[in-house]
$ cat structure29.cif   # mmCIF, C-alpha atoms and all ligand atoms
data_work
#
loop_
_atom_site.group_PDB
_atom_site.id
_atom_site.type_symbol
_atom_site.label_atom_id
_atom_site.label_comp_id
_atom_site.auth_asym_id
_atom_site.auth_seq_id
_atom_site.Cartn_x
_atom_site.Cartn_y
_atom_site.Cartn_z
ATOM 1 C CA MET D 5 0.000 0.000 0.000
ATOM 2 C CA GLU D 6 1.168 3.500 -0.812
ATOM 3 C CA VAL D 7 1.450 5.249 2.543
ATOM 4 C CA PRO D 8 0.684 8.963 2.225
ATOM 5 C CA LEU D 9 3.211 11.412 3.544
ATOM 6 C CA LEU D 10 1.475 13.133 6.447
ATOM 7 C CA PHE D 11 2.640 16.088 8.511
ATOM 8 C CA GLY D 12 0.832 17.911 11.259
ATOM 9 C CA PRO D 13 -0.051 18.346 14.882
ATOM 10 C CA TYR D 14 -1.141 15.721 17.354
ATOM 11 C CA GLY D 15 -3.935 16.955 19.595
ATOM 12 C CA ALA D 16 -7.398 18.277 18.818
ATOM 13 C CA ALA D 17 -6.446 21.610 20.438
ATOM 14 C CA ALA D 18 -4.450 22.399 17.301
ATOM 15 C CA LEU D 19 -7.709 22.485 15.343
ATOM 16 C CA GLU D 20 -8.179 25.930 16.794
ATOM 17 C CA HIS D 21 -5.662 26.892 14.086
ATOM 18 C CA ALA D 22 -7.198 24.619 11.454
ATOM 19 C CA ASP D 23 -7.656 27.467 8.969
ATOM 20 C CA ARG D 24 -3.918 28.069 8.738
ATOM 21 C CA LEU D 25 -2.434 24.592 9.117
ATOM 22 C CA VAL D 26 -2.151 23.974 5.381
ATOM 23 C CA GLN D 27 -0.173 27.168 4.783
ATOM 24 C CA TYR D 28 2.389 25.935 7.309
ATOM 25 C CA GLY D 29 2.919 22.582 5.665
ATOM 26 C CA ALA D 30 0.487 20.473 7.664
ATOM 27 C CA ASN D 31 -1.847 18.188 5.724
ATOM 28 C CA ALA D 32 -3.043 16.011 8.619
ATOM 29 C CA VAL D 33 -4.154 16.167 12.225
ATOM 30 C CA TRP D 34 -3.926 13.317 14.735
ATOM 31 C CA PHE D 35 -6.463 13.374 17.539
ATOM 32 C CA HIS D 36 -7.657 11.111 20.300
ATOM 33 C CA GLY D 37 -10.577 8.811 19.521
ATOM 34 C CA PHE D 38 -13.364 9.122 17.009
ATOM 35 C CA SER D 39 -14.140 12.770 17.681
ATOM 36 C CA GLU D 40 -16.908 14.162 15.498
ATOM 37 C CA PRO D 41 -15.861 17.838 15.812
ATOM 38 C CA ALA D 42 -12.309 16.877 14.862
ATOM 39 C CA PHE D 43 -13.505 14.948 11.800
ATOM 40 C CA ASP D 44 -15.693 17.909 10.820
ATOM 41 C CA ALA D 45 -12.837 20.400 11.138
ATOM 42 C CA CYS D 46 -10.524 18.159 9.118
ATOM 43 C CA ALA D 47 -13.135 17.836 6.363
ATOM 44 C CA LYS D 48 -13.713 21.579 6.276
ATOM 45 C CA TYR D 49 -10.022 22.451 5.962
ATOM 46 C CA GLU D 50 -9.000 19.475 3.808
ATOM 47 C CA LEU D 51 -6.775 17.886 6.427
ATOM 48 C CA ALA D 52 -6.288 14.135 6.704
ATOM 49 C CA ALA D 53 -8.119 12.970 9.827
ATOM 50 C CA CYS D 54 -6.012 10.499 11.796
ATOM 51 C CA VAL D 55 -7.275 8.842 14.942
ATOM 52 C CA GLU D 56 -5.151 7.861 17.897
ATOM 53 C CA PHE D 57 -6.944 4.798 19.216
ATOM 54 C CA LYS D 58 -6.181 3.601 22.706
ATOM 55 C CA THR D 59 -5.890 -0.127 23.033
ATOM 56 C CA PHE D 60 -4.408 -1.324 26.318
ATOM 57 C CA ARG D 61 -4.834 1.588 28.627
ATOM 58 C CA ALA D 62 -7.271 2.248 31.423
ATOM 59 C CA ASP D 63 -7.464 4.236 34.619
ATOM 60 C CA LEU D 64 -5.996 1.580 36.884
ATOM 61 C CA TYR D 65 -7.140 3.455 39.988
ATOM 62 C CA LYS D 66 -10.708 2.884 38.836
ATOM 63 C CA ARG D 67 -10.103 -0.541 37.324
ATOM 64 C CA PRO D 68 -7.778 -2.431 39.691
ATOM 65 C CA ASP D 69 -8.972 -5.657 38.061
ATOM 66 C CA LEU D 70 -6.972 -4.699 34.970
ATOM 67 C CA VAL D 71 -3.649 -4.173 36.749
ATOM 68 C CA PRO D 72 -1.064 -6.680 35.503
ATOM 69 C CA ILE D 73 0.612 -8.993 38.005
ATOM 70 C CA GLY D 74 4.358 -8.678 38.593
ATOM 71 C CA VAL D 75 7.061 -11.243 39.349
ATOM 72 C CA ASP D 76 6.232 -11.124 43.058
ATOM 73 C CA GLY D 77 2.682 -12.262 42.320
ATOM 74 C CA LYS D 78 1.296 -8.860 43.295
ATOM 75 C CA PRO D 79 -0.144 -6.087 41.136
ATOM 76 C CA ILE D 80 2.640 -4.064 39.528
ATOM 77 C CA ARG D 81 3.571 -0.598 40.776
ATOM 78 C CA TYR D 82 1.776 1.983 38.713
ATOM 79 C CA GLY D 83 1.195 5.681 38.647
ATOM 80 C CA ARG D 84 -1.022 7.976 36.666
ATOM 81 C CA LEU D 85 0.960 7.418 33.475
ATOM 82 C CA VAL D 86 1.512 3.697 33.222
ATOM 83 C CA GLN D 87 0.118 1.981 30.153
ATOM 84 C CA GLY D 88 -0.778 -1.661 29.614
ATOM 85 C CA VAL D 89 -3.339 -3.969 31.184
ATOM 86 C CA CYS D 90 -3.616 -7.667 31.953
ATOM 87 C CA LEU D 91 -4.471 -9.227 28.615
ATOM 88 C CA ALA D 92 -6.484 -12.045 30.128
ATOM 89 C CA GLN D 93 -9.321 -9.564 30.734
ATOM 90 C CA GLN D 94 -11.697 -10.697 27.994
ATOM 91 C CA GLU D 95 -14.423 -8.186 28.729
ATOM 92 C CA PHE D 96 -12.007 -5.272 28.434
ATOM 93 C CA LEU D 97 -10.608 -6.644 25.178
ATOM 94 C CA GLN D 98 -14.103 -7.084 23.831
ATOM 95 C CA GLU D 99 -14.973 -3.477 24.693
ATOM 96 C CA THR D 100 -11.808 -2.218 23.002
ATOM 97 C CA GLU D 101 -12.650 -4.079 19.820
ATOM 98 C CA GLU D 102 -16.251 -2.856 19.879
ATOM 99 C CA ASN D 103 -15.097 0.739 20.313
ATOM 100 C CA LEU D 104 -12.834 0.402 17.299
ATOM 101 C CA LEU D 105 -15.547 -1.142 15.176
ATOM 102 C CA ALA D 106 -18.159 1.428 16.228
ATOM 103 C CA GLY D 107 -15.818 4.291 15.299
ATOM 104 C CA LEU D 108 -14.973 2.807 11.929
ATOM 105 C CA ARG D 109 -18.630 2.318 11.084
ATOM 106 C CA ARG D 110 -19.264 6.019 11.642
ATOM 107 C CA PHE D 111 -16.133 7.681 10.306
ATOM 108 C CA GLN D 112 -13.647 7.318 7.465
ATOM 109 C CA PRO D 113 -10.256 8.220 8.921
ATOM 110 C CA VAL D 114 -7.224 8.463 6.665
ATOM 111 C CA GLY D 115 -5.254 6.668 9.345
ATOM 112 C CA ILE D 116 -5.624 4.975 12.700
ATOM 113 C CA TRP D 117 -2.643 4.937 15.032
ATOM 114 C CA LEU D 118 -2.929 2.187 17.627
ATOM 115 C CA ASP D 119 -1.710 3.448 20.977
ATOM 116 C CA TYR D 120 -0.576 1.534 24.081
ATOM 117 C CA LEU D 121 -0.295 -1.652 22.047
ATOM 118 C CA THR D 122 2.057 -3.015 24.642
ATOM 119 C CA TYR D 123 2.619 -4.780 27.925
ATOM 120 C CA ALA D 124 2.754 -2.596 31.003
ATOM 121 C CA GLY D 125 5.253 0.175 31.618
ATOM 122 C CA TRP D 126 6.151 3.785 30.933
ATOM 123 C CA PHE D 127 9.075 4.966 28.856
ATOM 124 C CA GLU D 128 8.699 8.764 28.701
ATOM 125 C CA THR D 129 11.097 9.268 31.566
ATOM 126 C CA PRO D 130 14.864 9.183 32.117
ATOM 127 C CA GLN D 131 14.535 6.532 34.854
ATOM 128 C CA PRO D 132 11.917 4.020 33.838
ATOM 129 C CA ASP D 133 10.513 1.623 36.420
ATOM 130 C CA LEU D 134 10.619 -1.560 34.349
ATOM 131 C CA GLN D 135 8.591 -4.490 35.634
ATOM 132 C CA ASP D 136 7.991 -7.756 33.884
ATOM 133 C CA SER D 137 4.315 -8.784 33.728
ATOM 134 C CA CYS D 138 1.704 -10.276 33.557
ATOM 135 C CA PHE D 139 1.939 -13.327 35.773
ATOM 136 C CA CYS D 140 -1.723 -13.682 36.649
ATOM 137 C CA PRO D 141 -3.058 -17.248 36.458
ATOM 138 C CA GLY D 142 -4.807 -16.516 33.149
ATOM 139 C CA CYS D 143 -1.699 -15.113 31.446
ATOM 140 C CA ILE D 144 0.505 -17.923 32.775
ATOM 141 C CA ALA D 145 -2.012 -20.502 31.553
ATOM 142 C CA GLU D 146 -2.028 -18.912 28.125
ATOM 143 C CA PHE D 147 1.774 -19.001 27.994
ATOM 144 C CA CYS D 148 1.838 -22.695 28.941
ATOM 145 C CA GLU D 149 -0.801 -23.563 26.401
ATOM 146 C CA ALA D 150 0.822 -21.606 23.577
ATOM 147 C CA THR D 151 4.320 -22.934 24.184
ATOM 148 C CA GLY D 152 3.785 -26.389 25.674
ATOM 149 C CA VAL D 153 5.861 -25.345 28.699
ATOM 150 C CA ASP D 154 4.821 -26.637 32.089
ATOM 151 C CA ALA D 155 5.480 -23.818 34.555
ATOM 152 C CA ALA D 156 3.344 -22.414 37.324
ATOM 153 C CA THR D 157 5.258 -19.504 38.829
ATOM 154 C CA PRO D 158 7.033 -16.351 37.603
ATOM 155 C CA GLY D 159 10.286 -17.729 39.046
ATOM 156 C CA GLU D 160 10.085 -20.918 37.020
ATOM 157 C CA ILE D 161 9.187 -19.036 33.859
ATOM 158 C CA LEU D 162 11.974 -16.472 34.128
ATOM 159 C CA ASP D 163 14.646 -18.908 35.319
ATOM 160 C CA ARG D 164 14.030 -21.566 32.711
ATOM 161 C CA HIS D 165 12.049 -20.038 29.867
ATOM 162 C CA ALA D 166 12.845 -16.316 29.807
ATOM 163 C CA ALA D 167 13.407 -16.078 26.045
ATOM 164 C CA LEU D 168 10.270 -18.060 25.298
ATOM 165 C CA TRP D 169 8.279 -15.869 27.696
ATOM 166 C CA THR D 170 9.416 -12.691 25.912
ATOM 167 C CA ARG D 171 8.690 -14.244 22.535
ATOM 168 C CA HIS D 172 5.235 -15.297 23.672
ATOM 169 C CA LYS D 173 4.422 -11.799 24.921
ATOM 170 C CA CYS D 174 5.576 -10.289 21.621
ATOM 171 C CA GLU D 175 3.490 -12.793 19.646
ATOM 172 C CA ARG D 176 0.490 -11.954 21.785
ATOM 173 C CA ILE D 177 0.863 -8.217 21.067
ATOM 174 C CA GLY D 178 1.509 -9.024 17.407
ATOM 175 C CA GLY D 179 -1.689 -11.068 17.347
ATOM 176 C CA PHE D 180 -3.742 -8.206 18.745
ATOM 177 C CA ALA D 181 -2.151 -5.849 16.192
ATOM 178 C CA ALA D 182 -3.135 -8.236 13.399
ATOM 179 C CA GLY D 183 -6.708 -8.428 14.693
ATOM 180 C CA TYR D 184 -7.134 -4.656 14.948
ATOM 181 C CA ALA D 185 -5.507 -4.097 11.543
ATOM 182 C CA GLN D 186 -7.897 -6.595 9.988
ATOM 183 C CA ILE D 187 -10.899 -4.764 11.451
ATOM 184 C CA ILE D 188 -9.562 -1.421 10.204
ATOM 185 C CA ARG D 189 -8.792 -2.686 6.691
ATOM 186 C CA ASP D 190 -12.128 -4.480 6.404
ATOM 187 C CA GLN D 191 -14.104 -1.426 7.460
ATOM 188 C CA VAL D 192 -12.091 1.312 5.765
ATOM 189 C CA PRO D 193 -10.034 -0.104 2.893
ATOM 190 C CA GLY D 194 -6.892 1.934 2.338
ATOM 191 C CA CYS D 195 -6.835 3.321 5.884
ATOM 192 C CA VAL D 196 -3.265 3.675 7.115
ATOM 193 C CA VAL D 197 -2.543 1.545 10.178
ATOM 194 C CA GLY D 198 0.028 3.137 12.429
ATOM 195 C CA ALA D 199 1.325 2.220 15.849
ATOM 196 C CA TYR D 200 2.952 4.339 18.525
ATOM 197 C CA VAL D 201 5.991 2.497 19.795
ATOM 198 C CA CYS D 202 8.501 2.645 22.600
ATOM 199 C CA PRO D 203 11.388 4.709 21.166
ATOM 200 C CA TRP D 204 14.154 2.516 22.527
ATOM 201 C CA GLU D 205 16.438 0.505 20.318
ATOM 202 C CA PRO D 206 16.162 -3.265 20.730
ATOM 203 C CA ASP D 207 19.280 -3.579 22.911
ATOM 204 C CA GLU D 208 18.606 -0.677 25.292
ATOM 205 C CA TYR D 209 17.622 -1.374 28.905
ATOM 206 C CA LYS D 210 18.477 -5.066 28.486
ATOM 207 C CA GLY D 211 16.114 -5.544 25.601
ATOM 208 C CA ALA D 212 13.184 -3.840 27.318
ATOM 209 C CA LEU D 213 11.522 -3.035 23.999
ATOM 210 C CA THR D 214 10.584 -6.702 23.710
ATOM 211 C CA ARG D 215 11.274 -8.003 27.243
ATOM 212 C CA ILE D 216 9.028 -5.456 28.982
ATOM 213 C CA PHE D 217 6.883 -3.788 26.319
ATOM 214 C CA ALA D 218 6.597 -6.795 23.981
ATOM 215 C CA GLN D 219 6.933 -4.656 20.862
ATOM 216 C CA ASP D 220 8.761 -6.688 18.231
ATOM 217 C CA TYR D 221 8.998 -4.821 14.934
ATOM 218 C CA ALA D 222 9.218 -7.975 12.849
ATOM 219 C CA LEU D 223 6.140 -9.499 14.460
ATOM 220 C CA LEU D 224 4.196 -6.238 14.205
ATOM 221 C CA ALA D 225 5.206 -5.460 10.630
ATOM 222 C CA PRO D 226 2.477 -7.479 8.838
ATOM 223 C CA ALA D 227 -0.174 -5.411 10.643
ATOM 224 C CA ILE D 228 1.465 -2.012 10.838
ATOM 225 C CA ASP D 229 2.179 0.348 7.926
ATOM 226 C CA VAL D 230 3.801 3.131 9.941
ATOM 227 C CA PHE D 231 5.764 2.909 13.182
ATOM 228 C CA THR D 232 5.738 6.064 15.266
ATOM 229 C CA PRO D 233 8.292 6.142 18.096
ATOM 230 C CA LEU D 234 7.707 8.795 20.752
ATOM 231 C CA ILE D 235 10.847 10.904 20.538
ATOM 232 C CA TYR D 236 10.199 13.147 23.544
ATOM 233 C CA THR D 237 13.694 14.307 24.359
ATOM 234 C CA THR D 238 13.113 16.559 27.383
ATOM 235 C CA LYS D 239 10.762 14.113 29.079
ATOM 236 C CA SER D 240 13.155 11.247 28.409
ATOM 237 C CA GLY D 241 16.268 13.163 29.487
ATOM 238 C CA ARG D 242 17.921 12.828 26.089
ATOM 239 C CA SER D 243 19.504 15.284 23.694
ATOM 240 C CA ALA D 244 17.723 16.606 20.620
ATOM 241 C CA THR D 245 19.994 14.566 18.354
ATOM 242 C CA TRP D 246 18.101 11.461 19.485
ATOM 243 C CA ALA D 247 15.625 12.053 16.631
ATOM 244 C CA ARG D 248 18.375 11.838 14.046
ATOM 245 C CA THR D 249 20.090 8.887 15.719
ATOM 246 C CA PHE D 250 16.858 6.909 15.815
ATOM 247 C CA LEU D 251 16.199 7.489 12.113
ATOM 248 C CA GLU D 252 19.757 6.545 11.212
ATOM 249 C CA ARG D 253 19.608 3.284 13.145
ATOM 250 C CA ALA D 254 16.018 2.304 12.380
ATOM 251 C CA PRO D 255 16.873 0.396 9.169
ATOM 252 C CA GLY D 256 18.806 -1.981 11.426
ATOM 253 C CA PHE D 257 15.697 -3.077 13.290
ATOM 254 C CA VAL D 258 12.580 -1.879 11.441
ATOM 255 C CA PRO D 259 11.683 -4.271 8.604
ATOM 256 C CA ALA D 260 12.219 -2.905 5.097
ATOM 257 C CA GLY D 261 9.056 -1.604 3.531
ATOM 258 C CA ARG D 262 7.698 -0.243 6.803
ATOM 259 C CA LYS D 263 7.681 3.483 7.377
ATOM 260 C CA VAL D 264 9.073 5.284 10.394
ATOM 261 C CA GLN D 265 7.289 8.515 11.227
ATOM 262 C CA LEU D 266 8.482 10.294 14.342
ATOM 263 C CA ILE D 267 6.220 12.012 16.801
ATOM 264 C CA LEU D 268 8.090 14.917 18.359
ATOM 265 C CA ASP D 269 7.143 16.900 21.435
ATOM 266 C CA ALA D 270 6.393 20.634 21.190
ATOM 267 C CA LEU D 271 8.401 20.924 24.431
ATOM 268 C CA ASP D 272 11.519 20.074 22.407
ATOM 269 C CA PHE D 273 10.750 22.479 19.576
ATOM 270 C CA PRO D 274 12.590 23.314 17.386
ATOM 271 C CA ASP D 275 15.740 21.364 18.285
ATOM 272 C CA SER D 276 14.426 17.839 17.789
ATOM 273 C CA LEU D 277 12.712 18.890 14.554
ATOM 274 C CA LEU D 278 15.981 20.346 13.262
ATOM 275 C CA ALA D 279 17.761 17.101 14.180
ATOM 276 C CA THR D 280 15.084 15.130 12.344
ATOM 277 C CA VAL D 281 15.602 17.160 9.194
ATOM 278 C CA GLU D 282 19.340 16.509 9.375
ATOM 279 C CA SER D 283 18.912 12.749 9.245
ATOM 280 C CA PRO D 284 20.106 11.067 6.047
ATOM 281 C CA HIS D 285 17.083 8.755 6.451
ATOM 282 C CA PRO D 286 14.020 11.016 6.337
ATOM 283 C CA SER D 287 11.115 10.573 8.716
ATOM 284 C CA TRP D 288 8.056 9.539 6.699
ATOM 285 C CA GLY D 289 6.083 12.599 7.792
ATOM 286 C CA ILE D 290 5.980 14.150 11.254
ATOM 287 C CA GLN D 291 3.534 14.330 14.120
ATOM 288 C CA MET D 292 3.972 17.212 16.527
ATOM 289 C CA PHE D 293 2.653 16.406 19.989
ATOM 290 C CA GLY D 294 1.195 19.507 21.630
ATOM 291 C CA GLY D 295 1.091 20.977 18.144
ATOM 292 C CA ALA D 296 -1.284 23.783 19.149
ATOM 293 C CA GLN D 297 1.718 25.544 20.715
ATOM 294 C CA VAL D 298 3.639 25.374 17.462
ATOM 295 C CA PHE D 299 0.870 26.362 15.064
ATOM 296 C CA GLY D 300 -0.375 29.138 17.346
ATOM 297 C CA ASP D 301 2.899 30.999 16.839
ATOM 298 C CA PRO D 302 3.692 32.182 13.293
ATOM 299 C CA ASP D 303 7.475 31.958 13.749
ATOM 300 C CA ARG D 304 7.315 28.413 15.052
ATOM 301 C CA ALA D 305 4.776 27.426 12.416
ATOM 302 C CA GLN D 306 7.125 28.826 9.774
ATOM 303 C CA ALA D 307 9.944 26.664 11.160
ATOM 304 C CA PHE D 308 7.640 23.636 10.858
ATOM 305 C CA LEU D 309 6.937 24.514 7.218
ATOM 306 C CA THR D 310 10.661 24.821 6.481
ATOM 307 C CA ALA D 311 11.235 21.360 7.948
ATOM 308 C CA VAL D 312 8.366 19.851 5.961
ATOM 309 C CA VAL D 313 9.724 21.287 2.721
ATOM 310 C CA ARG D 314 13.160 19.829 3.419
ATOM 311 C CA ILE D 315 11.837 16.390 4.326
ATOM 312 C CA ARG D 316 9.609 16.312 1.239
ATOM 313 C CA LYS D 317 12.577 17.279 -0.950
ATOM 314 C CA ALA D 318 14.753 14.544 0.539
ATOM 315 C CA ILE D 319 12.054 11.953 -0.031
ATOM 316 C CA ALA D 320 11.379 13.164 -3.574
ATOM 317 C CA ALA D 321 15.110 12.877 -4.262
ATOM 318 C CA GLY D 322 14.887 9.237 -3.299
ATOM 319 C CA VAL D 323 16.791 9.473 -0.039
ATOM 320 C CA THR D 324 15.570 6.684 2.224
HETATM 321 ZN ZN ZN D 401 -2.721 -11.296 33.212
#

$ encode --input "structure29.cif" --output "structure tokens" --more "lines below"
Ligand SMILES: [Zn+2]
Amino acid sequence: MEVPLLFGPYGAAALEHADRLVQYGANAVWFHGFSEPAFDACAKYELAACVEFKTFRADLYKRPDLVPIGVDGKPIRYGRLVQGVCLAQQEFLQETEENLLAGLRRFQPVGIWLDYLTYAGWFETPQPDLQDSCFCPGCIAEFCEATGVDAATPGEILDRHAALWTRHKCERIGGFAAGYAQIIRDQVPGCVVGAYVCPWEPDEYKGALTRIFAQDYALLAPAIDVFTPLIYTTKSGRSATWARTFLERAPGFVPAGRKVQLILDALDFPDSLLATVESPHPSWGIQMFGGAQVFGDPDRAQAFLTAVVRIRKAIAAGVT
């Protein structure tokens, strides 16, 4: 499938500036959920409507039943930000699927970006609290059934079958991705399927990308057209050059034929955007988180346009 080159803000607040987005190089807006006002504004100003769809995230304070179980057999530590739920919760999974289907029956998005398609954790911080999960009886039973392993406790699994456990988690997430992608493609043929991903390289934090978050690019690739790592440099305690470094290294771990489109944080503007433009491997479009701040300021919006023009030129010149 030809994946359109999309640039623009993430966040419905940016639609306040919808009338001037196009002049500053934006041709798309990403917003949370199937929001009718956002679809209407996109239609009016000829912007590609792209939905961020939450998969495995819930308010764990309100839904303690969804909290994954850690290696100690107790619910994992979590704060306001943690993503991921126990994936043995059939009712929750059913609701998620119904929400996706209901939205797609009403609206025709240009793209859907699956969010929180992951096991539990939080990576937008310099010191992540990484906990392996979910060791509830249902998730352990599913592991044993899928792999033929006979293990009853987290200790047994991690001591004897750690690699298989990680692989199983990644296959489980890959399976959900395939299911959601199928629903999207059946309902809205041609809709781009994107996924927000942990921005760490496969060997960082002892392989936490797969070991903790269960995001395996190769296993996700059949379902996902565009991978969108969250390159939030200030929040993650990294330098702005991270954007460029990620793009340079991505061909080493993102399967060929899949696009990488960064989402940058307005907090890091313009440095991470400038680093992105400098990469010899262009980002396939850009999402700007908190984009209202950028497009509400003509100087910043102009800097966004300049970056878009440069990225488009690099792609047109065949730089990949
Ligand atoms: Zn579980």

$ closest_atom_pairs --input "structure29.cif" --of "chain D" --to "ligand ZN 401 (chain D)" --cutoff "12 Å" --atoms "only C-alpha atoms and all ligand atoms" --output "Markdown table"
| residue | atom | partner | partner_atom | distance |
| --- | --- | --- | --- | --- |
| D:Asp69 | CA | D:ZN401 | ZN | 9.7 |
| D:Leu70 | CA | D:ZN401 | ZN | 8.0 |
| D:Val71 | CA | D:ZN401 | ZN | 8.0 |
| D:Pro72 | CA | D:ZN401 | ZN | 5.4 |
| D:Ile73 | CA | D:ZN401 | ZN | 6.3 |
| D:Gly74 | CA | D:ZN401 | ZN | 9.3 |
| D:Val75 | CA | D:ZN401 | ZN | 11.5 |
| D:Gly77 | CA | D:ZN401 | ZN | 10.6 |
| D:Lys78 | CA | D:ZN401 | ZN | 11.1 |
| D:Pro79 | CA | D:ZN401 | ZN | 9.8 |
| D:Ile80 | CA | D:ZN401 | ZN | 11.0 |
| D:Gly88 | CA | D:ZN401 | ZN | 10.5 |
| D:Val89 | CA | D:ZN401 | ZN | 7.6 |
| D:Cys90 | CA | D:ZN401 | ZN | 3.9 |
| D:Leu91 | CA | D:ZN401 | ZN | 5.3 |
| D:Ala92 | CA | D:ZN401 | ZN | 4.9 |
| D:Gln93 | CA | D:ZN401 | ZN | 7.3 |
| D:Gln94 | CA | D:ZN401 | ZN | 10.4 |
| D:Tyr123 | CA | D:ZN401 | ZN | 9.9 |
| D:Ala124 | CA | D:ZN401 | ZN | 10.5 |
| D:Asp136 | CA | D:ZN401 | ZN | 11.3 |
| D:Ser137 | CA | D:ZN401 | ZN | 7.5 |
| D:Cys138 | CA | D:ZN401 | ZN | 4.6 |
| D:Phe139 | CA | D:ZN401 | ZN | 5.7 |
| D:Cys140 | CA | D:ZN401 | ZN | 4.3 |
| D:Pro141 | CA | D:ZN401 | ZN | 6.8 |
| D:Gly142 | CA | D:ZN401 | ZN | 5.6 |
| D:Cys143 | CA | D:ZN401 | ZN | 4.3 |
| D:Ile144 | CA | D:ZN401 | ZN | 7.4 |
| D:Ala145 | CA | D:ZN401 | ZN | 9.4 |
| D:Glu146 | CA | D:ZN401 | ZN | 9.2 |
| D:Phe147 | CA | D:ZN401 | ZN | 10.3 |
| D:Pro158 | CA | D:ZN401 | ZN | 11.8 |
| D:Lys173 | CA | D:ZN401 | ZN | 11.0 |
| D:Arg176 | CA | D:ZN401 | ZN | 11.9 |

$ closest_residue --input "structure29.cif" --among "D:Ile235, D:Val55, D:Ala166, D:Leu97" --to "D:Trp204" --atoms "all atoms listed in the file"
D:Ile235

$ closest_residue --input "structure29.cif" --among "D:Asp63, D:Trp169, D:Thr100, D:Gly29" --to "D:Arg304" --atoms "all atoms listed in the file"
D:Gly29

$ residues_around --input "structure29.cif" --residues "D:Asp133" --least-positions-apart "6" --cutoff "12 Å" --atoms "only C-alpha atoms" --output "ChimeraX atom specification"
/D:80-83,85-86,124-127,209,212,216

$ resolve_selection --input "structure29.cif" --expression "the PyMOL selection byres (((chain D and resi 307) around 12) and not hetatm)" --output "PDB file with C-alpha atoms, keeping the file's coordinate frame"
ATOM      1  CA  GLN D  27      -0.173  27.168   4.783  1.00  0.00           C
ATOM      2  CA  TYR D  28       2.389  25.935   7.309  1.00  0.00           C
ATOM      3  CA  GLY D  29       2.919  22.582   5.665  1.00  0.00           C
ATOM      4  CA  ALA D  30       0.487  20.473   7.664  1.00  0.00           C
ATOM      5  CA  PHE D 273      10.750  22.479  19.576  1.00  0.00           C
ATOM      6  CA  PRO D 274      12.590  23.314  17.386  1.00  0.00           C
ATOM      7  CA  ASP D 275      15.740  21.364  18.285  1.00  0.00           C
ATOM      8  CA  SER D 276      14.426  17.839  17.789  1.00  0.00           C
ATOM      9  CA  LEU D 277      12.712  18.890  14.554  1.00  0.00           C
ATOM     10  CA  LEU D 278      15.981  20.346  13.262  1.00  0.00           C
ATOM     11  CA  VAL D 281      15.602  17.160   9.194  1.00  0.00           C
ATOM     12  CA  VAL D 298       3.639  25.374  17.462  1.00  0.00           C
ATOM     13  CA  PHE D 299       0.870  26.362  15.064  1.00  0.00           C
ATOM     14  CA  ASP D 301       2.899  30.999  16.839  1.00  0.00           C
ATOM     15  CA  PRO D 302       3.692  32.182  13.293  1.00  0.00           C
ATOM     16  CA  ASP D 303       7.475  31.958  13.749  1.00  0.00           C
ATOM     17  CA  ARG D 304       7.315  28.413  15.052  1.00  0.00           C
ATOM     18  CA  ALA D 305       4.776  27.426  12.416  1.00  0.00           C
ATOM     19  CA  GLN D 306       7.125  28.826   9.774  1.00  0.00           C
ATOM     20  CA  PHE D 308       7.640  23.636  10.858  1.00  0.00           C
ATOM     21  CA  LEU D 309       6.937  24.514   7.218  1.00  0.00           C
ATOM     22  CA  THR D 310      10.661  24.821   6.481  1.00  0.00           C
ATOM     23  CA  ALA D 311      11.235  21.360   7.948  1.00  0.00           C
ATOM     24  CA  VAL D 312       8.366  19.851   5.961  1.00  0.00           C
ATOM     25  CA  VAL D 313       9.724  21.287   2.721  1.00  0.00           C
ATOM     26  CA  ARG D 314      13.160  19.829   3.419  1.00  0.00           C
TER      27      ARG D 314
END

$ axis_aligned_box --input "structure29.cif" --around "stretch 64-75 of chain D" --padding-each-side "3 Å" --output "JSON"
{"center_x": -1.8, "center_y": -3.9, "center_z": 37.5, "size_x": 23.8, "size_y": 20.7, "size_z": 11.0}

$ closest_residue --input "structure29.cif" --among "D:Glu282, D:Glu175, D:Asp119, D:Glu20" --to "D:Ala150" --atoms "only C-alpha atoms"
D:Glu175

$ residues_around --input "structure29.cif" --residues "D:Val192" --least-positions-apart "2" --cutoff "9 Å" --atoms "only C-alpha atoms" --output "ChimeraX atom specification"
/D:108-109,111-114,187-190,194-195

$ resolve_selection --input "structure29.cif" --expression "the PyMOL selection byres (((chain D and resi 236-241) around 12) and not hetatm)" --output "ChimeraX atom specification"
/D:126-132,202-204,232-235,242-248,250,266-277,279,291-294

$ resolve_selection --input "structure29.cif" --expression "the PyMOL selection byres (((chain D and resi 288) around 9) and not hetatm)" --output "number ranges by chain"
D: 7-11, 230, 263-266, 286-287, 289-290, 315-316, 319

$ closest_residue --input "structure29.cif" --among "D:Gly37, D:Gly115, D:Gly159, D:Gly211" --to "D:Val196" --atoms "all atoms listed in the file"
D:Gly115

$ atom_distance --input "structure29.cif" --atom1 "atom CA of D:Ala52" --atom2 "atom CA of D:Trp34"
8.4 Å

$ closest_residue --input "structure29.cif" --among "D:Arg262, D:Cys46, D:Lys66, D:Ala17" --to "D:Asn31" --atoms "only C-alpha atoms"
D:Cys46

$ atom_distance --input "structure29.cif" --atom1 "atom CA of D:Ala320" --atom2 "atom CA of D:Ala185"
28.5 Å

$ closest_residue --input "structure29.cif" --among "D:Arg253, D:Arg84, D:Arg67, D:Lys58" --to "D:Trp117" --atoms "only C-alpha atoms"
D:Lys58

$ atom_distance --input "structure29.cif" --atom1 "atom CA of D:Arg61" --atom2 "atom CA of D:Leu224"
18.7 Å

$ residues_around --input "structure29.cif" --residues "stretch 257-261 of chain D" --least-positions-apart "5" --cutoff "8 Å" --atoms "only C-alpha atoms" --output "PyMOL selection string"
chain D and resi 205-206+221-222+225
